[in-house]
Amino acid sequence: MEVYNEIAILQNRLSSLFSTGQQIGFVPTMGALHQGHLALVKEALAENDCVVCSIFVNPTQFDNAEDLLKYPRLEVQDLELLTEVGCQMVFMPSAQEMYPEGFKVEHYEFGSLQQVMEGASRPGHFDGVATVVRKLFDAVKPHRAYFGKKDYQQLLIIKAMVHQMQLPIEIVPCETFRETDGLAMSSRNLRLSANERTLAPVIYQILQEASTMAARWNTLQLKQWVQKQLDRYPSMELVYFEIANPEDLSLTLDASPSKNQMGFIVVKIGGVRLIDNILL
Ligand code: AMP
């Protein structure tokens, strides 16, 4: 597997692939890779001639300094896992390479898409995400890029960015990969204590129960029920539970949720912020 740290050298290598008409798949990540990330890489491998995976813990998308500091970094293991699945290239830039001195985070207008849930809860987060993904797209110029539905709002933001900037890149959504107990795989799961890890599957259990009750209850009742469930666990704090339209993320505030809407949840366990969602 080829490893690159500099944009110019990566682009030089990729230009030889472009000239022979090869299709490039791209999987951007922040590392501490798990089977969810690798599922994206495998899907990309099946649909492209060459797959580039990036590993970059992007400082501009963190609104919380402690979260950035404590974000797991497992580069040696990441490279081993990517080699095992057959990924051809890894791009691991330094912060200096991505953000040379004087560089400013770009400001995007995604309208209501960025005003709810993660956008409301983490100011500046999506400007940071869109800025780094645009720069990575510019470096790799992939034909297809793969994103997980676990970070559903991020997926829609990236689609909107690609549309706004008229980038010739197909955005491929990938299903959420879960542990056998239902917990959505996440690099942040590594930060959970053993006790917190045993509690964490409750998040998806609550989502599943809420989705079965959505046919009978209105959104307000569902939200109260979700809050009540989490109140039973003092170490878990509900940041939000929302029902939204999967197309534009417009929130259902009190009416009964209709089929095909989605439930979105964020829970903090001992300072670790976990995100998940479900189709109702
Ligand atoms: P991250 O390293 O957390 O920034 O994630 C990199 C990419 O992997 C994003 O597109 C995520 O949505 C995706 N991803 C993370 N966890 C999962 C998962 N459990 N299942 C599927 N995709 C995931």
# chains A, B, ... in the order shown; residues from 1 in each chain; ligands from 1
call {"tool": "residues_around", "arguments": {"residues": "range 6-21 of chain A", "least_positions_apart": "6", "cutoff": "8 Å", "atoms": "only C-alpha atoms", "output": "PyMOL selection string"}}
result
chain A and resi 91-93+97+139-140
call {"tool": "write_last_selection", "arguments": {"atoms": "N, CA and C atoms", "output": "mmCIF file, in the first residue's frame"}}
result
data_model
loop_
_atom_site.group_PDB
_atom_site.id
_atom_site.type_symbol
_atom_site.label_atom_id
_atom_site.label_comp_id
_atom_site.auth_asym_id
_atom_site.auth_seq_id
_atom_site.Cartn_x
_atom_site.Cartn_y
_atom_site.Cartn_z
ATOM 1 N N PHE A 91 -3.700 8.591 2.249
ATOM 2 C CA PHE A 91 -3.229 9.972 2.322
ATOM 3 C C PHE A 91 -3.319 10.408 3.776
ATOM 4 N N MET A 92 -2.161 10.701 4.374
ATOM 5 C CA MET A 92 -2.109 11.097 5.794
ATOM 6 C C MET A 92 -1.387 12.429 5.917
ATOM 7 N N PRO A 93 -2.084 13.512 5.641
ATOM 8 C CA PRO A 93 -1.400 14.814 5.676
ATOM 9 C C PRO A 93 -1.222 15.318 7.105
ATOM 10 N N GLU A 97 0.048 20.729 6.282
ATOM 11 C CA GLU A 97 -0.167 20.460 4.851
ATOM 12 C C GLU A 97 -1.592 20.844 4.431
ATOM 13 N N ALA A 139 -7.591 17.563 -3.647
ATOM 14 C CA ALA A 139 -6.310 16.850 -3.699
ATOM 15 C C ALA A 139 -6.441 15.534 -4.459
ATOM 16 N N VAL A 140 -7.537 14.792 -4.205
ATOM 17 C CA VAL A 140 -7.659 13.431 -4.751
ATOM 18 C C VAL A 140 -8.400 13.414 -6.096
#
call {"tool": "residues_near_ligand", "arguments": {"ligand": "ligand 1", "cutoff": "6 Å", "atoms": "only C-alpha atoms and all ligand atoms", "output": "PyMOL selection string"}}
result
chain A and resi 28-31+36-37+147-151+175-178+184-186
call {"tool": "select_by_dssp", "arguments": {"residues": "range 39-155 of chain A", "states": "helix (DSSP H, G or I)", "output": "PyMOL selection string"}}
result
chain A and resi 39-47+59-61+65-70+75-85+95-98+111-114+117-121+125-140+149-155
call {"tool": "select_by_dssp", "arguments": {"residues": "range 43-275 of chain A", "states": "strand (DSSP E)", "output": "ChimeraX atom specification"}}
result
/A:50-55,89-91,144-148,170-174,236-244,251-252,262-269,272-275
call {"tool": "residues_around", "arguments": {"residues": "Cys50 in chain A", "least_positions_apart": "5", "cutoff": "7 Å", "atoms": "only C-alpha atoms", "output": "ChimeraX atom specification"}}
result
/A:23-25,45,88
call {"tool": "closest_residue", "arguments": {"among": "A:Asp248, A:Phe26, A:Arg197, A:Val57", "to": "Phe110 in chain A", "atoms": "only C-alpha atoms"}}
result
A:Asp248
call {"tool": "residues_around", "arguments": {"residues": "Ser256 in chain A", "least_positions_apart": "6", "cutoff": "12 Å", "atoms": "only C-alpha atoms", "output": "list in words"}}
result
Ser211, Met213, Ala214, Ala215, Arg216, Trp217, Asn218, Thr219, Leu220, Gln221, Leu222, Lys223, Ile243, Ala244 and Leu280 of chain A
call {"tool": "write_last_selection", "arguments": {"atoms": "C-alpha atoms", "output": "mmCIF file, in the first residue's frame"}}
result
data_model
loop_
_atom_site.group_PDB
_atom_site.id
_atom_site.type_symbol
_atom_site.label_atom_id
_atom_site.label_comp_id
_atom_site.auth_asym_id
_atom_site.auth_seq_id
_atom_site.Cartn_x
_atom_site.Cartn_y
_atom_site.Cartn_z
ATOM 1 C CA SER A 211 -39.339 3.567 15.810
ATOM 2 C CA MET A 213 -43.938 3.345 18.704
ATOM 3 C CA ALA A 214 -43.780 6.091 16.078
ATOM 4 C CA ALA A 215 -46.927 4.778 14.386
ATOM 5 C CA ARG A 216 -48.995 5.357 17.553
ATOM 6 C CA TRP A 217 -47.408 8.368 19.256
ATOM 7 C CA ASN A 218 -46.779 11.946 18.270
ATOM 8 C CA THR A 219 -43.261 13.377 18.241
ATOM 9 C CA LEU A 220 -43.615 15.163 21.562
ATOM 10 C CA GLN A 221 -44.652 11.937 23.298
ATOM 11 C CA LEU A 222 -41.775 10.080 21.645
ATOM 12 C CA LYS A 223 -39.260 12.710 22.732
ATOM 13 C CA ILE A 243 -37.532 13.269 14.117
ATOM 14 C CA ALA A 244 -36.753 14.705 10.692
ATOM 15 C CA LEU A 280 -38.894 4.971 11.222
#
call {"tool": "closest_residue", "arguments": {"among": "A:Asn260, A:Gln114, A:Ser121, A:Ser250", "to": "Leu155 in chain A", "atoms": "only C-alpha atoms"}}
result
A:Gln114
call {"tool": "atom_distance", "arguments": {"atom1": "CA of Lys141 in chain A", "atom2": "CA of Ile169 in chain A"}}
result
7.8 Å
call {"tool": "closest_residue", "arguments": {"among": "A:Leu113, A:Ile265, A:Val27, A:Ala194", "to": "Lys159 in chain A", "atoms": "only C-alpha atoms"}}
result
A:Leu113
call {"tool": "atom_distance", "arguments": {"atom1": "CA of Asp67 in chain A", "atom2": "CA of Pro234 in chain A"}}
result
21.0 Å
call {"tool": "closest_residue", "arguments": {"among": "A:Lys135, A:Met161, A:Leu230, A:Ala145", "to": "Cys174 in chain A", "atoms": "only C-alpha atoms"}}
result
A:Ala145
call {"tool": "atom_distance", "arguments": {"atom1": "CA of Met1 in chain A", "atom2": "CA of Met89 in chain A"}}
result
5.6 Å
call {"tool": "closest_residue", "arguments": {"among": "A:Arg144, A:Lys259, A:Arg73, A:Arg191", "to": "Glu170 in chain A", "atoms": "only C-alpha atoms"}}
result
A:Arg144
call {"tool": "residues_around", "arguments": {"residues": "Leu251 in chain A", "least_positions_apart": "6", "cutoff": "10 Å", "atoms": "only C-alpha atoms", "output": "PyMOL selection string"}}
result
chain A and resi 112+116-117+219+242-245+257+261-263
call {"tool": "write_last_selection", "arguments": {"atoms": "C-alpha atoms", "output": "PDB file, in the first residue's frame"}}
result
ATOM      1  CA  SER A 112     -31.802  24.691   7.111  1.00  0.00           C
ATOM      2  CA  VAL A 116     -30.582  21.707  13.107  1.00  0.00           C
ATOM      3  CA  MET A 117     -29.142  18.871  15.196  1.00  0.00           C
ATOM      4  CA  THR A 219     -43.261  13.377  18.241  1.00  0.00           C
ATOM      5  CA  GLU A 242     -35.213  14.576  16.796  1.00  0.00           C
ATOM      6  CA  ILE A 243     -37.532  13.269  14.117  1.00  0.00           C
ATOM      7  CA  ALA A 244     -36.753  14.705  10.692  1.00  0.00           C
ATOM      8  CA  ASN A 245     -37.403  14.352   7.003  1.00  0.00           C
ATOM      9  CA  PRO A 257     -44.095  11.148  12.551  1.00  0.00           C
ATOM     10  CA  GLN A 261     -38.972   9.860   8.457  1.00  0.00           C
ATOM     11  CA  MET A 262     -35.865   9.310  10.539  1.00  0.00           C
ATOM     12  CA  GLY A 263     -35.061   9.464  14.238  1.00  0.00           C
TER      13      GLY A 263
END
call {"tool": "residues_around", "arguments": {"residues": "Ala130 in chain A", "least_positions_apart": "5", "cutoff": "8 Å", "atoms": "only C-alpha atoms", "output": "number ranges by chain"}}
result
A: 106, 108, 157-158, 161
call {"tool": "residues_around", "arguments": {"residues": "Val90 in chain A", "least_positions_apart": "4", "cutoff": "6 Å", "atoms": "only C-alpha atoms", "output": "list in words"}}
result
Val3, Val52, Cys53 and Ser54 of chain A
call {"tool": "closest_residue", "arguments": {"among": "A:Ala255, A:Leu68, A:Val239, A:Leu81", "to": "Gln35 in chain A", "atoms": "only C-alpha atoms"}}
result
A:Leu81
